[in-house]
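Participant: Handing over input-v3.tsv, TSV, C-alpha atoms.
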```
chain	number	residue	atom	x	y	z
K	12	ASN	CA	119.75	-42.87	71.95
K	13	ALA	CA	118.69	-46.31	73.10
K	14	GLY	CA	115.13	-45.66	71.85
K	15	VAL	CA	112.47	-47.76	73.60
K	16	THR	CA	113.79	-50.38	76.02
K	17	GLN	CA	111.69	-53.18	77.47
K	18	THR	CA	112.63	-55.58	80.22
K	19	PRO	CA	112.55	-58.49	80.61
K	20	LYS	CA	112.71	-60.08	77.13
K	21	PHE	CA	111.30	-63.38	78.35
K	22	GLN	CA	109.29	-64.30	81.43
K	23	VAL	CA	107.46	-67.36	82.70
K	24	LEU	CA	104.86	-66.84	85.41
K	25	LYS	CA	102.63	-69.14	87.34
K	26	THR	CA	98.91	-68.47	87.36
K	27	GLY	CA	98.08	-65.93	90.04
K	28	GLN	CA	101.52	-64.36	90.22
K	29	SER	CA	101.98	-60.66	89.63
K	30	MET	CA	104.74	-58.87	87.80
K	31	THR	CA	105.69	-55.61	86.13
K	32	LEU	CA	106.89	-55.24	82.57
K	33	GLN	CA	109.22	-52.29	82.30
K	34	CYS	CA	109.31	-49.79	79.44
K	35	ALA	CA	111.59	-46.79	79.18
K	36	GLN	CA	112.26	-44.34	76.34
K	37	ASP	CA	114.96	-41.71	76.07
K	38	MET	CA	113.49	-39.70	73.20
K	39	ASN	CA	111.38	-37.37	75.36
K	40	HIS	CA	108.20	-38.71	73.74
K	41	GLU	CA	104.94	-37.70	75.37
K	42	TYR	CA	102.85	-40.54	73.97
K	43	MET	CA	103.42	-44.11	75.14
K	44	SER	CA	101.37	-47.27	74.80
K	45	TRP	CA	101.30	-50.98	75.48
K	46	TYR	CA	100.15	-53.56	72.93
K	47	ARG	CA	99.83	-57.30	73.08
K	48	GLN	CA	100.42	-59.44	70.01
K	49	ASP	CA	98.70	-62.77	69.64
K	50	PRO	CA	98.66	-65.02	66.56
K	51	GLY	CA	95.98	-63.88	64.14
K	52	MET	CA	94.95	-60.98	66.37
K	53	GLY	CA	97.42	-58.31	65.38
K	54	LEU	CA	98.49	-55.62	67.84
K	55	ARG	CA	95.82	-54.84	70.39
K	56	LEU	CA	96.05	-51.75	72.57
K	57	ILE	CA	96.07	-52.40	76.32
K	58	HIS	CA	96.69	-48.97	77.86
K	59	TYR	CA	98.14	-45.71	76.67
K	60	SER	CA	99.38	-42.40	78.02
K	61	VAL	CA	99.55	-38.94	76.46
K	62	GLY	CA	101.86	-37.54	79.12
K	63	ALA	CA	103.12	-37.90	82.67
K	64	GLY	CA	100.25	-38.44	85.08
K	65	ILE	CA	97.75	-39.26	82.30
K	66	THR	CA	96.72	-42.79	81.36
K	67	ASP	CA	93.73	-44.34	79.65
K	68	GLN	CA	92.39	-47.73	78.69
K	69	GLY	CA	92.72	-49.27	75.28
K	70	GLU	CA	90.93	-52.18	73.68
K	71	VAL	CA	91.93	-54.96	76.12
K	72	PRO	CA	92.73	-53.39	79.54
K	73	ASN	CA	91.31	-56.03	81.89
K	74	GLY	CA	93.91	-57.61	84.15
K	75	TYR	CA	96.48	-54.86	83.58
K	76	ASN	CA	97.38	-51.62	85.33
K	77	VAL	CA	99.65	-48.80	84.25
K	78	SER	CA	101.05	-45.61	85.70
K	79	ARG	CA	103.08	-42.75	84.23
K	80	SER	CA	104.98	-40.90	86.90
K	81	THR	CA	107.70	-39.69	84.53
K	82	THR	CA	107.92	-38.94	80.81
K	83	GLU	CA	110.50	-41.72	80.37
K	84	ASP	CA	108.83	-44.70	82.05
K	85	PHE	CA	105.57	-46.52	81.44
K	86	PRO	CA	105.41	-49.83	83.36
K	87	LEU	CA	102.69	-52.41	82.78
K	88	ARG	CA	101.54	-54.41	85.79
K	89	LEU	CA	99.87	-57.80	85.65
K	90	LEU	CA	97.87	-58.06	88.84
K	91	SER	CA	97.14	-61.80	88.90
K	92	ALA	CA	98.50	-63.58	85.85
K	93	ALA	CA	96.21	-65.87	83.86
K	94	PRO	CA	97.05	-68.24	80.98
K	95	SER	CA	95.03	-65.93	78.69
K	96	GLN	CA	97.72	-63.30	79.24
K	97	THR	CA	100.32	-65.45	77.53
K	98	SER	CA	101.41	-63.18	74.71
K	99	VAL	CA	104.14	-60.96	73.32
K	100	TYR	CA	103.95	-57.47	74.76
K	101	PHE	CA	105.21	-54.39	72.98
K	102	CYS	CA	105.70	-50.93	74.36
K	103	ALA	CA	105.67	-48.04	71.89
K	104	SER	CA	106.19	-44.29	72.01
K	105	CYS	CA	105.39	-41.42	69.67
K	106	ARG	CA	106.82	-37.94	69.60
K	107	GLY	CA	103.84	-35.73	69.03
K	108	GLY	CA	100.70	-37.80	68.90
K	109	TRP	CA	99.46	-41.04	67.37
K	110	ASN	CA	99.67	-39.50	63.91
K	111	THR	CA	103.46	-39.66	63.99
K	112	GLU	CA	105.88	-42.57	63.82
K	113	ALA	CA	105.58	-45.08	66.67
K	114	PHE	CA	108.83	-46.54	67.95
K	115	PHE	CA	108.54	-50.01	69.46
K	116	GLY	CA	110.53	-51.76	72.11
K	117	GLN	CA	111.98	-55.21	71.39
K	118	GLY	CA	109.07	-56.96	73.05
K	119	THR	CA	108.54	-59.18	76.09
K	120	ARG	CA	107.48	-62.78	75.54
K	121	LEU	CA	105.35	-63.77	78.53
K	122	THR	CA	104.17	-67.29	79.26
K	123	VAL	CA	101.70	-67.96	82.05
K	124	VAL	CA	101.49	-71.60	83.15
P	12	GLY	CA	86.01	-46.69	67.81
P	13	GLU	CA	88.14	-47.28	64.77
P	14	ASN	CA	88.18	-50.71	63.15
P	15	VAL	CA	90.98	-51.58	60.75
P	16	GLU	CA	90.74	-54.74	58.67
P	17	GLN	CA	93.32	-56.47	56.50
P	18	HIS	CA	92.63	-59.17	53.98
P	19	PRO	CA	93.87	-61.74	53.23
P	20	SER	CA	95.87	-62.93	56.22
P	21	THR	CA	98.62	-64.45	54.08
P	22	LEU	CA	100.05	-63.64	50.67
P	23	SER	CA	102.66	-65.53	48.70
P	24	VAL	CA	104.39	-64.09	45.64
P	25	GLN	CA	107.28	-65.05	43.39
P	26	GLU	CA	110.46	-63.06	43.77
P	27	GLY	CA	110.40	-60.13	41.37
P	28	ASP	CA	106.61	-59.93	41.26
P	29	SER	CA	104.58	-57.15	42.83
P	30	ALA	CA	102.58	-57.48	46.03
P	31	VAL	CA	99.54	-55.45	47.03
P	32	ILE	CA	98.15	-55.48	50.56
P	33	LYS	CA	94.84	-53.80	51.26
P	34	CYS	CA	93.31	-52.35	54.41
P	35	THR	CA	89.96	-50.81	55.18
P	36	TYR	CA	89.07	-48.49	58.04
P	37	SER	CA	85.77	-47.46	59.56
P	38	ASP	CA	86.22	-44.02	61.13
P	39	SER	CA	85.96	-41.18	58.61
P	40	ALA	CA	87.83	-38.96	61.08
P	41	SER	CA	91.02	-40.99	60.64
P	42	ASN	CA	93.64	-38.99	58.79
P	43	TYR	CA	96.91	-40.86	59.30
P	44	PHE	CA	97.65	-44.29	57.85
P	45	PRO	CA	101.01	-45.93	58.57
P	46	TRP	CA	102.36	-49.31	57.52
P	47	TYR	CA	104.64	-51.31	59.78
P	48	LYS	CA	106.85	-54.26	58.89
P	49	GLN	CA	107.68	-56.92	61.44
P	50	GLU	CA	110.36	-59.44	60.62
P	51	LEU	CA	110.33	-62.74	62.46
P	52	GLY	CA	111.18	-62.24	66.13
P	53	LYS	CA	111.69	-58.50	65.72
P	54	ARG	CA	109.80	-55.37	66.63
P	55	PRO	CA	107.42	-53.62	64.21
P	56	GLN	CA	109.02	-50.77	62.31
P	57	LEU	CA	107.47	-48.03	60.22
P	58	ILE	CA	108.12	-48.40	56.50
P	59	ILE	CA	105.82	-45.78	55.03
P	60	ASP	CA	102.86	-43.64	56.00
P	61	ILE	CA	100.30	-41.40	54.31
P	62	ARG	CA	98.09	-38.58	55.47
P	63	SER	CA	94.59	-37.89	54.29
P	64	ASN	CA	95.54	-34.84	52.25
P	65	VAL	CA	97.64	-37.02	49.95
P	66	GLY	CA	96.44	-39.73	47.58
P	67	GLU	CA	99.71	-41.57	47.01
P	68	LYS	CA	103.20	-41.69	48.42
P	69	LYS	CA	106.26	-43.56	47.14
P	70	ASP	CA	109.58	-44.55	48.63
P	71	GLN	CA	111.77	-46.59	46.29
P	72	ARG	CA	110.06	-49.99	45.84
P	73	ILE	CA	107.16	-49.32	48.16
P	74	ALA	CA	104.14	-47.07	47.74
P	75	VAL	CA	100.92	-46.44	49.58
P	76	THR	CA	97.64	-45.27	48.07
P	77	LEU	CA	94.63	-43.89	49.90
P	78	ASN	CA	90.99	-43.79	48.84
P	79	LYS	CA	89.15	-41.71	51.42
P	80	THR	CA	85.77	-42.14	49.78
P	81	ALA	CA	85.96	-45.92	49.97
P	82	LYS	CA	87.90	-45.83	53.26
P	83	HIS	CA	90.67	-48.08	52.12
P	84	PHE	CA	94.41	-47.81	51.63
P	85	SER	CA	96.91	-50.17	50.08
P	86	LEU	CA	100.60	-51.00	50.29
P	87	HIS	CA	102.33	-51.74	47.00
P	88	ILE	CA	105.69	-53.49	46.87
P	89	THR	CA	107.36	-53.82	43.49
P	90	GLU	CA	110.18	-56.15	42.49
P	91	THR	CA	109.76	-58.19	45.64
P	92	GLN	CA	112.81	-59.74	47.26
P	93	PRO	CA	113.14	-62.53	49.86
P	94	GLU	CA	113.94	-59.93	52.51
P	95	ASP	CA	110.46	-58.49	51.99
P	96	SER	CA	109.09	-61.62	53.66
P	97	ALA	CA	107.55	-60.41	56.93
P	98	VAL	CA	104.29	-59.52	58.64
P	99	TYR	CA	102.86	-56.20	57.51
P	100	PHE	CA	100.50	-54.21	59.69
P	101	CYS	CA	98.37	-51.30	58.59
P	102	ALA	CA	97.05	-48.82	61.12
P	103	ALA	CA	94.92	-45.71	61.41
P	104	SER	CA	94.63	-42.76	63.73
P	105	TYR	CA	93.40	-39.20	63.76
P	106	THR	CA	94.51	-35.89	65.13
P	107	GLY	CA	92.92	-34.81	68.37
P	108	ALA	CA	91.80	-35.82	71.83
P	109	ASN	CA	91.04	-39.46	72.53
P	110	SER	CA	92.92	-40.53	69.45
P	111	LYS	CA	94.60	-43.91	69.43
P	112	LEU	CA	96.68	-45.87	66.93
P	113	THR	CA	94.58	-48.86	65.84
P	114	PHE	CA	96.24	-51.73	63.98
P	115	GLY	CA	94.91	-54.32	61.62
P	116	LYS	CA	95.55	-58.00	62.28
P	117	GLY	CA	98.51	-58.17	59.97
P	118	ILE	CA	99.29	-60.04	56.79
P	119	THR	CA	102.14	-62.49	56.36
P	120	LEU	CA	103.93	-61.93	53.06
P	121	SER	CA	106.09	-64.73	51.76
P	122	VAL	CA	108.38	-64.10	48.78
P	123	ARG	CA	109.36	-67.34	47.05
P	124	PRO	CA	112.91	-67.34	45.63
```
Output the file's structure in the form of structure tokens.
Facilitator:
Amino acid sequence: NAGVTQTPKFQVLKTGQSMTLQCAQDMNHEYMSWYRQDPGMGLRLIHYSVGAGITDQGEVPNGYNVSRSTTEDFPLRLLSAAPSQTSVYFCASCRGGWNTEAFFGQGTRLTVV
Amino acid sequence: GENVEQHPSTLSVQEGDSAVIKCTYSDSASNYFPWYKQELGKRPQLIIDIRSNVGEKKDQRIAVTLNKTAKHFSLHITETQPEDSAVYFCAASYTGANSKLTFGKGITLSVRP
């Protein structure tokens, strides 16, 4: 099992550009989520999904879109990048709900200039 | 929604000493409390968790205690080693619809050789 795989690992965007952060898991986990990590702010939930076709907003959803067409994939789209979106992004998945172990991807370090 | 707080934001201990990291939570419905360790440049990984029907759980040098009445839980690390230096996140969630995994802001533990 590869676990949770995120691509790319690093990305530099110009303000206003759009891009998609990819997240895939091969553990057949129903629950997937996206967090952003900023210094002193911890891990803040952006969007999450409890199964294919079901998504919901987390704590900081503005400027981001998600979709969940398959159990395996949960891409995060930045619609029009802003410097405030400079952060490290983590995708995570859980087997049977948020009260089980969350497995994280290796992270994507995004810089918006 | 749930609010998880960690204090202080940094902790420095001498190698061999014990370290205690405390978290508080706000939602009395929360019943699952994991701790994640994040080494520099790496992804967060689960090190121990506790459910609300248990007051304490141990795994070698680490333990977690839960006080449901006071709504706080603590991570205890004994005989600290330099490799324990990392950021530690506490989190909380509950079983059921609309549940999410909410993290604290993290604490940076430094173990001085």
Participant: Find the residues around segment 95-109 of chain P up to 7 Å (only C-alpha atoms counted), leave out those fewer than 6 positions away in its own chain, and share them as a PyMOL selection string.
Facilitator: (chain K and resi 109-110) or (chain P and resi 15+34+40-51+115-122)
Participant: Could you check the closest approach to Thr111 of chain K for each of K:Tyr42, K:Val23, K:Gly64, K:Thr81 and tell me which residue wins, using all atoms listed in the file?
Facilitator: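 Among the listed residues, K:Tyr42 lies closest to Thr111 of chain K.
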Participant: So that I can check the surroundings of Phe114 of chain K, please list as a list in words every protein, DNA and RNA residue that reaches within 7 Å of it, counting all atoms listed in the file and ignoring chain neighbours fewer than 2 positions away.
Facilitator: Val15, Ala103, Ser104, Cys105, Glu112 and Gly116 of chain K
Participant: In Å to one decimal, how far is atom CA of Met52 of chain K from atom CA of Lys25 of chain K?
Facilitator: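 A separation of 23.8 Å between them.
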Participant: List the neighbours of Gln25 of chain P out to 10 Å using all atoms listed in the file; skip same-chain residues closer than 6 positions along the sequence, and give me the result as a ChimeraX atom specification.
Facilitator: /P:90-93,121-124
Participant: Any chance you could export the current selection's C-alpha atoms as a short mmCIF file (atom, residue, chain, number, x, y, z; two decimals), in the coordinates of the input?
Facilitator:
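And here's again_15.cif as it stands now:
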```cif
data_model
loop_
_atom_site.label_atom_id
_atom_site.label_comp_id
_atom_site.auth_asym_id
_atom_site.auth_seq_id
_atom_site.Cartn_x
_atom_site.Cartn_y
_atom_site.Cartn_z
CA GLU P 90 110.18 -56.15 42.49
CA THR P 91 109.76 -58.19 45.64
CA GLN P 92 112.81 -59.74 47.26
CA PRO P 93 113.14 -62.53 49.86
CA SER P 121 106.09 -64.73 51.76
CA VAL P 122 108.38 -64.10 48.78
CA ARG P 123 109.36 -67.34 47.05
CA PRO P 124 112.91 -67.34 45.63
#
```
Participant: Measuring atom to atom with all atoms listed in the file, identify which of K:Gly62, K:Pro19, K:Gly27, K:Gly118 is nearest to chain P.
Facilitator: K:Gly118
Participant: Counting only C-alpha atoms, collect the residues of chain K whose closest atom lies at most 12 Å from chain P, and write them out as number ranges by chain.
Facilitator: K: 15-17, 20, 42-61, 65-70, 99-105, 107-120
Participant: As an exercise, work out the distance from atom CA of Phe84 of chain P to atom CA of Gly27 of chain P in Å and give it to one decimal place.
Facilitator: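 Interatomic distance here is 22.6 Å.
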Participant: Using atom CA of Ser78 of chain K and atom CA of Thr31 of chain K as the two end points, give the distance in Å to one decimal.
Facilitator: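 Result for atom CA of Ser78 of chain K versus atom CA of Thr31 of chain K: 11.0 Å, one decimal.
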Participant: In the coordinate frame of the file, compute which residues have an atom within 12 Å of (98.9, -66.7, 89.6) when using only C-alpha atoms, and state them as a PDB file with C-alpha atoms, in the frame of the given file.
Facilitator:
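Below you can see selection.pdb, which holds the result:
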```
ATOM      1  CA  VAL K  23     107.460 -67.360  82.700  1.00  0.00           C
ATOM      2  CA  LEU K  24     104.860 -66.840  85.410  1.00  0.00           C
ATOM      3  CA  LYS K  25     102.630 -69.140  87.340  1.00  0.00           C
ATOM      4  CA  THR K  26      98.910 -68.470  87.360  1.00  0.00           C
ATOM      5  CA  GLY K  27      98.080 -65.930  90.040  1.00  0.00           C
ATOM      6  CA  GLN K  28     101.520 -64.360  90.220  1.00  0.00           C
ATOM      7  CA  SER K  29     101.980 -60.660  89.630  1.00  0.00           C
ATOM      8  CA  MET K  30     104.740 -58.870  87.800  1.00  0.00           C
ATOM      9  CA  GLY K  74      93.910 -57.610  84.150  1.00  0.00           C
ATOM     10  CA  LEU K  89      99.870 -57.800  85.650  1.00  0.00           C
ATOM     11  CA  LEU K  90      97.870 -58.060  88.840  1.00  0.00           C
ATOM     12  CA  SER K  91      97.140 -61.800  88.900  1.00  0.00           C
ATOM     13  CA  ALA K  92      98.500 -63.580  85.850  1.00  0.00           C
ATOM     14  CA  ALA K  93      96.210 -65.870  83.860  1.00  0.00           C
ATOM     15  CA  PRO K  94      97.050 -68.240  80.980  1.00  0.00           C
ATOM     16  CA  SER K  95      95.030 -65.930  78.690  1.00  0.00           C
ATOM     17  CA  GLN K  96      97.720 -63.300  79.240  1.00  0.00           C
ATOM     18  CA  THR K 122     104.170 -67.290  79.260  1.00  0.00           C
ATOM     19  CA  VAL K 123     101.700 -67.960  82.050  1.00  0.00           C
ATOM     20  CA  VAL K 124     101.490 -71.600  83.150  1.00  0.00           C
TER      21      VAL K 124
END
```
Participant: Would you pick out the contacts of Leu77 of chain P at 9 Å or less, using only C-alpha atoms, so that residues sharing its chain but fewer than 2 positions from it are not included, and give the list as a short mmCIF file (atom, residue, chain, number, x, y, z; two decimals) with C-alpha atoms, in the frame of the given file?
Facilitator:
```
data_model
loop_
_atom_site.label_atom_id
_atom_site.label_comp_id
_atom_site.auth_asym_id
_atom_site.auth_seq_id
_atom_site.Cartn_x
_atom_site.Cartn_y
_atom_site.Cartn_z
CA PHE P 44 97.65 -44.29 57.85
CA ILE P 61 100.30 -41.40 54.31
CA ARG P 62 98.09 -38.58 55.47
CA SER P 63 94.59 -37.89 54.29
CA VAL P 65 97.64 -37.02 49.95
CA GLY P 66 96.44 -39.73 47.58
CA GLU P 67 99.71 -41.57 47.01
CA LYS P 68 103.20 -41.69 48.42
CA VAL P 75 100.92 -46.44 49.58
CA LYS P 79 89.15 -41.71 51.42
CA ALA P 81 85.96 -45.92 49.97
CA LYS P 82 87.90 -45.83 53.26
CA HIS P 83 90.67 -48.08 52.12
CA PHE P 84 94.41 -47.81 51.63
CA SER P 85 96.91 -50.17 50.08
#
```
Participant: Return the single residue from K:Val71, K:Leu32, K:Met38, K:Ala63 that is closest to Arg88 of chain K, with distances computed using only C-alpha atoms.
Facilitator: K:Leu32
Participant: Which of these, P:Asn64, P:Glu94, P:Leu86, P:Ile73, has the shortest distance to Thr35 of chain P once you count only C-alpha atoms?
Facilitator: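 Of all the options, P:Leu86 lies closest to Thr35 of chain P.
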Participant: As a PDB file, keeping the file's coordinate frame, please: segment 23-53 of chain P completed to N, CA and C atoms.
Facilitator:
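Written out: selection24.pdb:
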```
ATOM      1  N   SER P  23     101.427 -64.958  49.195  1.00  0.00           N
ATOM      2  CA  SER P  23     102.660 -65.530  48.700  1.00  0.00           C
ATOM      3  C   SER P  23     102.876 -65.073  47.269  1.00  0.00           C
ATOM      4  N   VAL P  24     104.069 -64.566  46.978  1.00  0.00           N
ATOM      5  CA  VAL P  24     104.390 -64.090  45.640  1.00  0.00           C
ATOM      6  C   VAL P  24     105.751 -64.626  45.226  1.00  0.00           C
ATOM      7  N   GLN P  25     105.986 -64.654  43.932  1.00  0.00           N
ATOM      8  CA  GLN P  25     107.280 -65.050  43.390  1.00  0.00           C
ATOM      9  C   GLN P  25     108.219 -63.854  43.443  1.00  0.00           C
ATOM     10  N   GLU P  26     109.465 -64.126  43.749  1.00  0.00           N
ATOM     11  CA  GLU P  26     110.460 -63.060  43.770  1.00  0.00           C
ATOM     12  C   GLU P  26     110.443 -62.292  42.451  1.00  0.00           C
ATOM     13  N   GLY P  27     110.436 -60.977  42.555  1.00  0.00           N
ATOM     14  CA  GLY P  27     110.400 -60.130  41.370  1.00  0.00           C
ATOM     15  C   GLY P  27     109.000 -59.646  41.020  1.00  0.00           C
ATOM     16  N   ASP P  28     107.990 -60.364  41.496  1.00  0.00           N
ATOM     17  CA  ASP P  28     106.610 -59.930  41.260  1.00  0.00           C
ATOM     18  C   ASP P  28     106.253 -58.791  42.198  1.00  0.00           C
ATOM     19  N   SER P  29     105.098 -58.193  41.945  1.00  0.00           N
ATOM     20  CA  SER P  29     104.580 -57.150  42.830  1.00  0.00           C
ATOM     21  C   SER P  29     103.621 -57.737  43.853  1.00  0.00           C
ATOM     22  N   ALA P  30     103.522 -57.085  44.981  1.00  0.00           N
ATOM     23  CA  ALA P  30     102.580 -57.480  46.030  1.00  0.00           C
ATOM     24  C   ALA P  30     101.741 -56.267  46.413  1.00  0.00           C
ATOM     25  N   VAL P  31     100.448 -56.513  46.601  1.00  0.00           N
ATOM     26  CA  VAL P  31      99.540 -55.450  47.030  1.00  0.00           C
ATOM     27  C   VAL P  31      98.786 -55.929  48.261  1.00  0.00           C
ATOM     28  N   ILE P  32      98.825 -55.151  49.309  1.00  0.00           N
ATOM     29  CA  ILE P  32      98.150 -55.480  50.560  1.00  0.00           C
ATOM     30  C   ILE P  32      97.146 -54.370  50.847  1.00  0.00           C
ATOM     31  N   LYS P  33      95.906 -54.777  51.097  1.00  0.00           N
ATOM     32  CA  LYS P  33      94.840 -53.800  51.260  1.00  0.00           C
ATOM     33  C   LYS P  33      94.327 -53.740  52.691  1.00  0.00           C
ATOM     34  N   CYS P  34      93.930 -52.555  53.107  1.00  0.00           N
ATOM     35  CA  CYS P  34      93.310 -52.350  54.410  1.00  0.00           C
ATOM     36  C   CYS P  34      92.090 -51.455  54.261  1.00  0.00           C
ATOM     37  N   THR P  35      91.113 -51.702  55.108  1.00  0.00           N
ATOM     38  CA  THR P  35      89.960 -50.810  55.180  1.00  0.00           C
ATOM     39  C   THR P  35      89.861 -50.264  56.602  1.00  0.00           C
ATOM     40  N   TYR P  36      89.273 -49.086  56.723  1.00  0.00           N
ATOM     41  CA  TYR P  36      89.070 -48.490  58.040  1.00  0.00           C
ATOM     42  C   TYR P  36      87.636 -48.002  58.143  1.00  0.00           C
ATOM     43  N   SER P  37      87.183 -47.770  59.366  1.00  0.00           N
ATOM     44  CA  SER P  37      85.770 -47.460  59.560  1.00  0.00           C
ATOM     45  C   SER P  37      85.507 -46.004  59.928  1.00  0.00           C
ATOM     46  N   ASP P  38      86.454 -45.363  60.598  1.00  0.00           N
ATOM     47  CA  ASP P  38      86.220 -44.020  61.130  1.00  0.00           C
ATOM     48  C   ASP P  38      86.639 -42.957  60.103  1.00  0.00           C
ATOM     49  N   SER P  39      85.668 -42.200  59.622  1.00  0.00           N
ATOM     50  CA  SER P  39      85.960 -41.180  58.610  1.00  0.00           C
ATOM     51  C   SER P  39      86.832 -40.063  59.163  1.00  0.00           C
ATOM     52  N   ALA P  40      86.973 -39.978  60.487  1.00  0.00           N
ATOM     53  CA  ALA P  40      87.830 -38.960  61.080  1.00  0.00           C
ATOM     54  C   ALA P  40      89.311 -39.325  61.002  1.00  0.00           C
ATOM     55  N   SER P  41      89.621 -40.570  60.735  1.00  0.00           N
ATOM     56  CA  SER P  41      91.020 -40.990  60.640  1.00  0.00           C
ATOM     57  C   SER P  41      91.720 -40.249  59.517  1.00  0.00           C
ATOM     58  N   ASN P  42      92.927 -39.769  59.799  1.00  0.00           N
ATOM     59  CA  ASN P  42      93.640 -38.990  58.790  1.00  0.00           C
ATOM     60  C   ASN P  42      95.122 -39.346  58.685  1.00  0.00           C
ATOM     61  N   TYR P  43      95.517 -40.427  59.349  1.00  0.00           N
ATOM     62  CA  TYR P  43      96.910 -40.860  59.300  1.00  0.00           C
ATOM     63  C   TYR P  43      96.952 -42.372  59.183  1.00  0.00           C
ATOM     64  N   PHE P  44      97.691 -42.873  58.185  1.00  0.00           N
ATOM     65  CA  PHE P  44      97.650 -44.290  57.850  1.00  0.00           C
ATOM     66  C   PHE P  44      99.073 -44.822  57.648  1.00  0.00           C
ATOM     67  N   PRO P  45      99.649 -45.395  58.691  1.00  0.00           N
ATOM     68  CA  PRO P  45     101.010 -45.930  58.570  1.00  0.00           C
ATOM     69  C   PRO P  45     100.998 -47.425  58.268  1.00  0.00           C
ATOM     70  N   TRP P  46     102.121 -47.892  57.730  1.00  0.00           N
ATOM     71  CA  TRP P  46     102.360 -49.310  57.520  1.00  0.00           C
ATOM     72  C   TRP P  46     103.622 -49.700  58.281  1.00  0.00           C
ATOM     73  N   TYR P  47     103.510 -50.808  59.014  1.00  0.00           N
ATOM     74  CA  TYR P  47     104.640 -51.310  59.780  1.00  0.00           C
ATOM     75  C   TYR P  47     105.025 -52.699  59.278  1.00  0.00           C
ATOM     76  N   LYS P  48     106.312 -52.957  59.277  1.00  0.00           N
ATOM     77  CA  LYS P  48     106.850 -54.260  58.890  1.00  0.00           C
ATOM     78  C   LYS P  48     107.453 -54.916  60.113  1.00  0.00           C
ATOM     79  N   GLN P  49     107.116 -56.181  60.321  1.00  0.00           N
ATOM     80  CA  GLN P  49     107.680 -56.920  61.440  1.00  0.00           C
ATOM     81  C   GLN P  49     108.341 -58.191  60.929  1.00  0.00           C
ATOM     82  N   GLU P  50     109.634 -58.226  60.973  1.00  0.00           N
ATOM     83  CA  GLU P  50     110.360 -59.440  60.620  1.00  0.00           C
ATOM     84  C   GLU P  50     110.275 -60.429  61.780  1.00  0.00           C
ATOM     85  N   LEU P  51     110.514 -61.685  61.474  1.00  0.00           N
ATOM     86  CA  LEU P  51     110.330 -62.740  62.460  1.00  0.00           C
ATOM     87  C   LEU P  51     111.160 -62.484  63.717  1.00  0.00           C
ATOM     88  N   GLY P  52     110.485 -62.429  64.863  1.00  0.00           N
ATOM     89  CA  GLY P  52     111.180 -62.240  66.130  1.00  0.00           C
ATOM     90  C   GLY P  52     111.638 -60.822  66.410  1.00  0.00           C
ATOM     91  N   LYS P  53     111.241 -59.885  65.539  1.00  0.00           N
ATOM     92  CA  LYS P  53     111.690 -58.500  65.720  1.00  0.00           C
ATOM     93  C   LYS P  53     110.520 -57.590  66.087  1.00  0.00           C
TER      94      LYS P  53
END
```
